[in-house]
Structures are given as C-alpha cells and as structure tokens.
$ cat query_25.txt   # compact mmCIF, C-alpha atoms
# COMPACT_ATOMS: atom_id res chain seq x y z
CA MET A 1 -27.75 8.68 -18.72
CA ASN A 2 -26.27 7.22 -21.89
CA LEU A 3 -23.84 4.51 -20.84
CA TYR A 4 -21.34 5.59 -23.47
CA VAL A 5 -21.14 8.95 -21.69
CA MET A 6 -20.80 7.11 -18.38
CA ALA A 7 -18.02 4.97 -19.86
CA ALA A 8 -16.16 8.07 -21.02
CA ALA A 9 -16.48 9.68 -17.57
CA LEU A 10 -15.22 6.53 -15.83
CA ALA A 11 -12.35 6.21 -18.29
CA LEU A 12 -11.31 9.80 -17.60
CA LEU A 13 -11.48 9.16 -13.85
CA SER A 14 -9.32 6.05 -14.22
CA VAL A 15 -6.71 7.93 -16.27
CA ALA A 16 -6.75 10.80 -13.77
CA CYS A 17 -6.20 8.42 -10.84
CA MET A 18 -3.41 6.48 -12.49
CA GLY A 19 -1.68 9.59 -13.83
CA PRO A 20 -2.07 13.24 -12.73
CA MET A 21 -3.64 12.50 -9.35
CA SER A 22 -0.79 10.14 -8.43
CA VAL A 23 1.82 12.73 -9.44
CA TRP A 24 0.02 15.40 -7.38
CA LEU A 25 -0.18 13.22 -4.27
CA ASP A 26 3.46 12.14 -4.60
CA ARG A 27 4.54 15.79 -4.61
CA ALA A 28 2.07 17.03 -1.99
CA PRO A 29 3.93 18.42 1.05
CA TRP A 30 1.02 17.88 3.45
CA THR A 31 1.27 14.07 3.44
CA VAL A 32 4.00 14.11 6.13
CA ARG A 33 1.49 15.71 8.51
CA ALA A 34 -0.99 12.84 8.11
CA PRO A 35 0.90 9.73 6.94
CA ARG A 36 -1.83 7.21 7.75
CA ALA A 37 -4.49 9.23 5.97
CA ALA A 38 -2.16 9.77 3.01
CA VAL A 39 -1.64 6.00 2.75
CA LEU A 40 -5.42 5.57 2.74
CA LEU A 41 -5.67 8.14 -0.05
CA TRP A 42 -3.02 6.28 -2.09
CA GLN A 43 -5.05 3.09 -1.70
CA SER A 44 -8.27 4.92 -2.61
CA ILE A 45 -6.71 6.31 -5.78
CA GLY A 46 -5.60 2.84 -6.87
CA LEU A 47 -8.96 1.25 -6.06
CA ALA A 48 -10.92 4.04 -7.76
CA GLY A 49 -8.72 3.79 -10.85
CA ALA A 50 -9.21 0.02 -11.15
CA LEU A 51 -12.96 0.17 -10.49
CA SER A 52 -13.35 2.99 -13.01
CA ALA A 53 -11.49 1.06 -15.71
CA ILE A 54 -13.64 -2.02 -15.13
CA GLY A 55 -16.80 0.08 -14.99
CA ALA A 56 -15.94 1.91 -18.23
CA GLY A 57 -15.53 -1.34 -20.13
CA LEU A 58 -18.64 -2.84 -18.59
CA ALA A 59 -20.72 0.23 -19.42
CA VAL A 60 -19.81 -0.09 -23.10
CA ALA A 61 -20.51 -3.82 -23.06
CA VAL A 62 -24.03 -3.51 -21.62
CA GLU A 63 -25.18 -0.35 -23.43
CA ARG A 64 -27.02 -2.55 -25.96
CA PHE A 65 -29.43 -3.74 -23.28
CA GLY A 66 -30.64 -0.18 -22.59
CA ILE A 67 -31.45 -0.92 -18.95
CA GLY A 68 -28.59 0.71 -17.06
CA LEU A 69 -25.18 -0.41 -15.81
CA LEU A 70 -26.08 -2.67 -12.88
CA PRO A 71 -29.15 -4.33 -14.49
CA GLY A 72 -27.14 -4.67 -17.70
CA ALA A 73 -24.31 -6.38 -15.84
CA VAL A 74 -26.82 -8.79 -14.29
CA GLU A 75 -28.26 -9.49 -17.73
CA LEU A 76 -24.78 -10.15 -19.10
CA ILE A 77 -24.05 -12.60 -16.28
CA ASP A 78 -27.33 -14.38 -16.98
CA LYS A 79 -26.32 -14.80 -20.61
CA VAL A 80 -22.97 -16.23 -19.53
CA PHE A 81 -24.69 -18.87 -17.39
CA GLU A 82 -27.13 -19.61 -20.19
CA GLY A 83 -24.20 -20.35 -22.48
CA HIS A 84 -24.81 -17.43 -24.89
CA PRO A 85 -22.52 -14.63 -23.63
CA LEU A 86 -21.70 -13.31 -27.12
CA THR A 87 -25.22 -13.19 -28.54
CA GLY A 88 -25.86 -9.75 -30.11
CA LEU A 89 -22.37 -8.54 -29.21
CA GLY A 90 -21.04 -5.83 -31.55
CA VAL A 91 -17.47 -4.60 -31.91
CA PRO A 92 -17.77 -1.79 -29.30
CA ASP A 93 -19.50 -4.18 -26.90
CA ALA A 94 -16.77 -6.79 -27.38
CA LEU A 95 -14.02 -4.22 -26.81
CA GLY A 96 -15.70 -2.96 -23.63
CA LEU A 97 -16.22 -6.47 -22.30
CA THR A 98 -12.61 -7.33 -23.09
CA LEU A 99 -11.35 -4.25 -21.21
CA ALA A 100 -13.44 -5.00 -18.13
CA ALA A 101 -12.55 -8.69 -18.10
CA ASP A 102 -8.84 -8.11 -18.75
CA VAL A 103 -8.46 -5.54 -15.98
CA ALA A 104 -10.35 -7.69 -13.46
CA ILE A 105 -8.71 -11.00 -14.36
CA VAL A 106 -5.18 -9.64 -14.75
CA LEU A 107 -5.36 -7.75 -11.45
CA MET A 108 -6.64 -10.82 -9.60
CA ALA A 109 -4.08 -13.15 -11.18
CA VAL A 110 -1.13 -10.80 -10.70
CA VAL A 111 -2.04 -9.89 -7.12
CA THR A 112 -2.45 -13.55 -6.21
CA MET A 113 0.83 -14.61 -7.83
CA MET A 114 2.96 -11.75 -6.46
CA ALA A 115 1.40 -11.99 -3.01
CA TRP A 116 2.08 -15.73 -2.89
CA ARG A 117 5.73 -15.18 -3.83
CA THR A 118 6.16 -12.51 -1.17
CA VAL A 119 4.46 -14.60 1.51
CA ARG A 120 6.71 -17.56 0.66
CA SER A 121 9.82 -15.39 0.86
CA ARG A 122 8.75 -14.04 4.24
CA ALA A 123 8.03 -17.55 5.53
CA ARG A 124 11.42 -18.78 4.34
CA HIS A 125 13.18 -15.88 6.06
CA ARG A 126 11.14 -16.48 9.21
CA ARG A 127 12.36 -20.09 9.34
CA VAL A 128 15.96 -18.93 8.96
CA LEU A 129 15.52 -16.46 11.80
CA ASP A 130 14.15 -19.18 14.06
CA LEU A 131 17.31 -21.20 13.41
CA VAL A 132 19.94 -18.48 13.91
CA LYS A 133 18.40 -16.25 16.60
CA LEU A 134 20.20 -15.72 19.89
CA ASP A 135 19.02 -14.97 23.42
CA ALA A 136 16.88 -11.84 23.18
CA ASP A 137 17.38 -10.54 26.73
CA ARG A 138 19.48 -7.60 25.47
CA ALA A 139 17.24 -6.84 22.50
CA ASP A 140 14.16 -5.63 24.38
CA GLY A 141 12.13 -8.70 23.43
CA ALA A 142 13.16 -8.76 19.76
CA ILE A 143 15.05 -11.53 17.96
CA LEU A 144 18.79 -10.95 18.32
CA LEU A 145 21.13 -11.70 15.42
CA ASP A 146 24.86 -12.09 15.90
CA HIS A 147 26.08 -9.57 13.35
CA PRO A 148 28.33 -6.52 13.84
CA ARG A 149 26.35 -4.21 11.52
CA ALA A 150 23.69 -2.15 13.30
CA THR A 151 20.20 -2.88 11.97
CA ALA A 152 16.64 -3.46 13.11
CA TYR A 153 13.68 -4.57 11.06
CA CYS A 154 10.18 -6.04 11.18
CA LEU A 155 9.35 -9.13 9.15
CA PRO A 156 5.57 -8.95 8.49
CA GLY A 157 3.20 -11.90 8.55
CA LEU A 158 0.63 -13.65 10.70
CA ARG A 159 3.41 -14.08 13.25
CA PRO A 160 5.64 -11.04 12.66
CA ARG A 161 9.24 -11.05 13.80
CA ILE A 162 11.11 -8.02 15.12
CA VAL A 163 14.82 -8.41 14.55
CA VAL A 164 17.75 -6.51 16.07
CA SER A 165 21.43 -7.13 15.33
CA ARG A 166 24.13 -7.30 17.96
CA GLY A 167 25.70 -4.28 16.30
CA ALA A 168 22.58 -2.25 17.08
CA VAL A 169 22.51 -3.48 20.67
CA ASP A 170 26.14 -2.45 21.15
CA LEU A 171 25.72 0.90 19.38
CA LEU A 172 22.50 2.22 20.90
CA ARG A 173 21.68 3.20 24.44
CA SER A 174 18.90 1.23 26.11
CA SER A 175 16.37 4.03 25.59
CA GLU A 176 17.31 4.33 21.90
CA LEU A 177 17.08 0.58 21.39
CA ALA A 178 13.66 0.50 23.06
CA ALA A 179 12.44 3.30 20.78
CA VAL A 180 13.69 1.50 17.66
CA VAL A 181 12.06 -1.78 18.69
CA GLU A 182 8.82 0.10 19.40
CA HIS A 183 9.02 1.57 15.91
CA GLU A 184 9.17 -1.94 14.47
CA ARG A 185 6.31 -3.02 16.71
CA GLY A 186 4.33 -0.19 15.12
CA HIS A 187 4.69 -1.87 11.73
CA ALA A 188 3.44 -5.16 13.14
CA HIS A 189 0.64 -3.62 15.23
CA GLU A 190 -0.77 -1.56 12.36
CA HIS A 191 -0.40 -4.38 9.79
CA HIS A 192 1.77 -2.40 7.40
CA GLY A 193 2.82 -5.65 5.77
CA LEU A 194 -0.68 -6.10 4.33
CA VAL A 195 -0.62 -2.57 2.91
CA MET A 196 2.67 -3.06 1.09
CA LEU A 197 1.79 -6.60 0.05
CA SER A 198 -1.34 -5.54 -1.81
CA LEU A 199 0.31 -2.43 -3.23
CA THR A 200 3.49 -3.98 -4.58
CA SER A 201 1.63 -7.05 -5.83
CA CYS A 202 -0.71 -5.12 -8.12
CA THR A 203 1.71 -2.42 -9.28
CA GLU A 204 4.91 -4.32 -10.03
CA PRO A 205 3.85 -5.60 -13.51
CA ILE A 206 2.56 -2.19 -14.69
CA ARG A 207 5.52 0.06 -13.97
CA CYS A 208 4.79 2.16 -17.05
CA ILE A 209 1.86 3.74 -15.20
CA PRO A 210 2.75 6.70 -12.91
CA TYR A 211 0.73 5.27 -10.02
CA ALA A 212 2.61 1.98 -10.18
CA ARG A 213 6.00 3.76 -10.13
CA ARG A 214 5.21 6.27 -7.42
CA ALA A 215 2.80 4.58 -5.00
CA PRO A 216 5.07 1.85 -3.52
CA ARG A 217 7.93 4.25 -2.84
CA ALA A 218 5.71 6.99 -1.42
CA VAL A 219 3.67 4.60 0.75
CA ALA A 220 6.84 2.96 2.10
CA VAL A 221 8.02 6.36 3.38
CA LEU A 222 4.61 7.18 4.85
CA LEU A 223 4.43 3.84 6.66
CA GLU A 224 7.83 4.50 8.23
CA MET A 225 6.50 7.86 9.43
CA ALA A 226 3.41 6.15 10.82
CA ALA A 227 5.65 3.71 12.70
CA ASP A 228 7.69 6.68 13.97
CA ASP A 229 4.48 8.19 15.35
CA PHE A 230 3.60 4.87 17.00
CA ALA A 231 6.99 4.80 18.75
CA ALA A 232 6.77 8.49 19.66
CA ARG A 233 3.61 7.81 21.66
CA HIS A 234 5.66 5.71 24.09
CA HIS A 235 9.18 7.15 23.75
CA ASP A 236 10.85 10.52 23.32
CA PRO A 237 10.85 11.40 19.59
CA LEU A 238 14.31 12.94 19.99
CA VAL A 239 15.66 9.62 21.24
CA LEU A 240 14.24 7.79 18.22
CA ALA A 241 15.61 10.44 15.86
CA HIS A 242 19.09 10.10 17.36
CA ALA A 243 18.93 6.31 17.03
CA LEU A 244 17.92 6.53 13.36
CA VAL A 245 20.84 8.84 12.61
CA GLN A 246 23.30 6.52 14.33
CA MET A 247 22.14 3.32 12.64
CA GLY A 248 22.58 4.59 9.08
CA ASP A 249 22.89 1.75 6.53
CA PRO A 250 20.02 -0.79 6.76
CA GLY A 251 22.50 -3.61 6.19
CA LEU A 252 20.94 -7.02 6.83
CA ALA A 253 17.27 -6.27 6.29
CA PRO A 254 15.60 -8.14 3.39
CA ARG A 255 13.72 -6.08 0.81
CA PHE A 256 10.32 -7.45 1.91
CA ALA A 257 10.81 -6.30 5.52
CA PHE A 258 10.43 -2.90 7.20
CA CYS A 259 13.80 -1.56 8.30
CA ALA A 260 13.92 1.38 10.71
CA SER A 261 16.87 3.08 8.99
CA ALA A 262 16.21 2.11 5.37
CA THR A 263 13.88 4.83 4.12
CA ALA A 264 14.02 8.66 4.04
CA VAL A 265 15.87 9.00 7.34
CA PRO A 266 16.70 12.75 6.99
CA THR A 267 13.05 13.63 6.26
CA ARG A 268 11.79 11.47 9.10
CA VAL A 269 14.33 12.87 11.56
CA ALA A 270 13.33 16.44 10.66
CA ARG A 271 9.70 15.45 11.13
CA LEU A 272 10.37 13.85 14.54
CA LEU A 273 12.02 17.09 15.67
CA ASP A 274 8.89 19.05 14.72
CA GLU A 275 6.41 19.25 17.59
CA ASP A 276 3.60 20.10 15.15
CA ARG A 277 4.23 17.17 12.83
CA ALA A 278 0.62 15.90 12.93
CA SER A 279 -2.56 17.63 11.78
CA LYS A 280 -6.09 16.36 12.46
CA THR A 281 -7.50 18.72 9.82
CA THR A 282 -5.18 17.27 7.19
CA GLU A 283 -6.16 13.74 8.20
CA LEU A 284 -9.85 14.62 7.82
CA PHE A 285 -9.24 16.21 4.42
CA ALA A 286 -7.38 13.16 3.12
CA GLY A 287 -9.98 10.77 4.51
CA VAL A 288 -12.87 12.61 2.86
CA CYS A 289 -11.01 12.73 -0.46
CA GLY A 290 -10.42 8.97 -0.28
CA VAL A 291 -14.06 8.18 0.44
CA VAL A 292 -15.27 10.43 -2.40
CA LEU A 293 -12.86 8.88 -4.90
CA VAL A 294 -13.98 5.32 -4.18
CA ALA A 295 -17.64 6.39 -4.13
CA LEU A 296 -17.54 7.93 -7.62
CA PRO A 297 -17.19 4.68 -9.64
CA LEU A 298 -19.63 2.93 -7.31
CA LEU A 299 -22.23 5.64 -7.91
CA ALA A 300 -22.17 4.70 -11.58
CA LEU A 301 -24.05 1.52 -10.65
CA ARG A 302 -27.15 3.64 -10.05
CA PHE A 303 -27.36 4.67 -13.71
$ encode --input "query_25.txt" --output "structure tokens"
Amino acid sequence: MNLYVMAAALALLSVACMGPMSVWLDRAPWTVRAPRAAVLLWQSIGLAGALSAIGAGLAVAVERFGIGLLPGAVELIDKVFEGHPLTGLGVPDALGLTLAADVAIVLMAVVTMMAWRTVRSRARHRRVLDLVKLDADRADGAILLDHPRATAYCLPGLRPRIVVSRGAVDLLRSSELAAVVEHERGHAHEHHGLVMLSLTSCTEPIRCIPYARRAPRAVAVLLEMAADDFAARHHDPLVLAHALVQMGDPGLAPRFAFCASATAVPTRVARLLDEDRASKTTELFAGVCGVVLVALPLLALRF
C-alpha cells in the first residue's frame, strides 16, 4: 500500500478520534451501564488518536524509502544515529517528520510536566493531612478532619489517604458513613488516580480539541460511578445514595482528589436506585471497540 494513502487513513482516524468519536461517546447513554468499560474506551480513543497522528506523519516521512512503514522507520532511525537524518528529505517528508516528532515530543513533555505538578500537589496535601488529622476511631478507619462541613474524599497516590470531616461523621449514620468510606476506598483500590493523572496531564494544554474538553469531565463522572459500584458490592446502594444526597457540597476536597459528593450526584443517585444499572453485554461491546481502535494504527506497521 502507498504510504501516502496510509498516512491519509491514519490522519482521518486521528481526527475522528479527537472529534466526532469523542462527541458521540460523551453523549452515549449506555456508558452509565458500564462505567469501567467506558473509561477504557475513552482511553483507547485518546491513545488511538495520538498513535494515528504520529503514524500519519511517520508514513509521509518514510515514503521515500519505498520499503514500508516499520522498515522505513528503522531506516530513518539508522540515519539519525549515522548523523545524516535529513539526507534526501523533501518538503513533504520534512512536514511528516515534523508532525510525528512534534506530537510525540510534546505529548511526552506535557504529560511529564503536568503529572509532576499534580504529584507534588498531592504530596504537599498529604503532608498537611498528616499534621492536622485527628483520631480516626469515629471515621471508619479514614483520616478525620475537624471541620463542620460534611465531606469525604480520596487523595490518590502510592499511599492514598481517605479523608472524612467531622461534619460528615456527625451528619451520617454509621452505615452511611461506612458506605461513603467504602466508595473512597474504591477509588484507591482501582487506582483511579492514575487514570485521571494521565488523562488531565495530556489534555489540559490542548483544550481546543473536543476530546481534551470532554474526556476529563466524562471520565471523572464514570470513575465516581465505578466507585459507587465498588461500595455497592459491600453496602446497600440505597444507603450510599441517601448519604450522597445528604452530603451535598463537596466543601473541603482539593481539585486533584476524588470527592464522593462532588460530581453528578443526581445521576449517580438515580443509577444506584436502578437494580439493572450494570450490563455485561455493554461492557463487552465497549471493550471490543477499545481493542479494535488501538489495533488499527498498530496494524499500519505491517504495511
């Protein structure tokens, strides 16, 4: 296959992932029935879009070798190590190489920088919590903060912290408090902090792209639903729903933490009240779509 044709196909796939496909998934009603699989599909769309953009540029850059995408990329790397990376490079080749290099380098640099800033902020907040925390006997094993506003949140990290305010302890019954704390444990147990860290790090600087605007908000809601499901496996969903309604304003939770009552509470409460809120068929559908999307740009290496 002509690599210019391959480049055009990969470019179209990248545009589709970053634009129409993101809008479709954001509006899809089925995602609430399979939140974990929907999060995986969001990640697959972003990865497929980035790989396709890099592959499109690389295909244009190595077309002059006439030996295919993967062998051409190897040849290009050899020329770089030989000290002659620009030998025989025409204008289209240079533009393709620039696109591939810019997407790869910018993504790596931005993700590293934003992730480092977020990790530092979490570490700083974790040190503050260790200084001001109270006896946790009444907080079901979580860190207890002496504050009248009712809130509970999970601070992600290698050593995650689950935080409950005194206001929440006083407001909620013991069963409700246990359900809320279990919800926050769900975030820690399923490593939701890593999901949001990678997502917000790579999308924050490119807010003009539909995927970058929609993915963080949509995934944040889906992760809260996934944590609701985690808590519902050990506690009555009705108890958790009642606790979420009572807590209301997230209050003290920092923006880089997961707060039980901070995101889409009415939608999540309605979902918790639905006995048929989960669908294995929907999960399978989303999982297959995610695998196919990531496989498409990788299959281009065979040509």
$ residues_around --input "query_25.txt" --residues "A:Ala8" --least-positions-apart "4" --cutoff "7 Å" --atoms "all atoms listed in the file" --output "PyMOL selection string"
chain A and resi 4+12+56
$ closest_atom_pairs --input "query_25.txt" --of "stretch 225-255 of chain A" --to "stretch 276-295 of chain A" --cutoff "12 Å" --atoms "only C-alpha atoms" --output "Markdown table"
| residue | atom | partner | partner_atom | distance |
| --- | --- | --- | --- | --- |
| A:Met225 | CA | A:Arg277 | CA | 10.2 |
| A:Ala226 | CA | A:Ala278 | CA | 10.4 |
| A:Asp228 | CA | A:Arg277 | CA | 11.1 |
| A:Asp229 | CA | A:Ala278 | CA | 9.0 |
| A:Ala232 | CA | A:Arg277 | CA | 11.3 |
| A:Pro237 | CA | A:Arg277 | CA | 11.1 |
$ closest_residue --input "query_25.txt" --among "A:Glu190, A:Glu275, A:Glu184, A:Asp78" --to "A:Ala231" --atoms "all atoms listed in the file"
A:Glu184
$ atom_distance --input "query_25.txt" --atom1 "atom CA of A:His234" --atom2 "atom CA of A:Val181"
11.2 Å
$ decode --input "query_25.txt" --residues "stretch 140-171 of chain A" --atoms "C-alpha atoms" --output "short mmCIF file (atom, residue, chain, number, x, y, z; two decimals), in the first residue's frame"
data_model
loop_
_atom_site.label_atom_id
_atom_site.label_comp_id
_atom_site.auth_asym_id
_atom_site.auth_seq_id
_atom_site.Cartn_x
_atom_site.Cartn_y
_atom_site.Cartn_z
CA ASP A 140 -14.33 4.04 59.98
CA GLY A 141 -10.56 3.93 59.51
CA ALA A 142 -10.30 7.13 57.46
CA ILE A 143 -8.42 10.31 58.38
CA LEU A 144 -10.69 12.58 60.42
CA LEU A 145 -10.57 16.35 59.93
CA ASP A 146 -12.00 18.75 62.47
CA HIS A 147 -14.30 20.74 60.20
CA PRO A 148 -18.07 21.31 60.46
CA ARG A 149 -18.76 20.94 56.72
CA ALA A 150 -19.68 17.40 55.67
CA THR A 151 -17.22 15.98 53.13
CA ALA A 152 -15.30 12.84 52.28
CA TYR A 153 -12.62 12.37 49.66
CA CYS A 154 -9.77 10.15 48.49
CA LEU A 155 -6.34 11.63 47.91
CA PRO A 156 -4.66 9.36 45.30
CA GLY A 157 -1.01 8.32 45.33
CA LEU A 158 1.29 5.46 46.24
CA ARG A 159 -0.06 5.82 49.78
CA PRO A 160 -3.62 7.10 49.25
CA ARG A 161 -5.45 8.88 52.02
CA ILE A 162 -9.18 8.62 52.68
CA VAL A 163 -10.42 11.72 54.46
CA VAL A 164 -13.68 12.33 56.32
CA SER A 165 -14.68 15.57 58.05
CA ARG A 166 -16.23 15.76 61.49
CA GLY A 167 -19.27 17.29 59.84
CA ALA A 168 -19.78 14.10 57.83
CA VAL A 169 -19.32 11.93 60.91
CA ASP A 170 -21.95 13.93 62.78
CA LEU A 171 -24.36 14.06 59.83
#
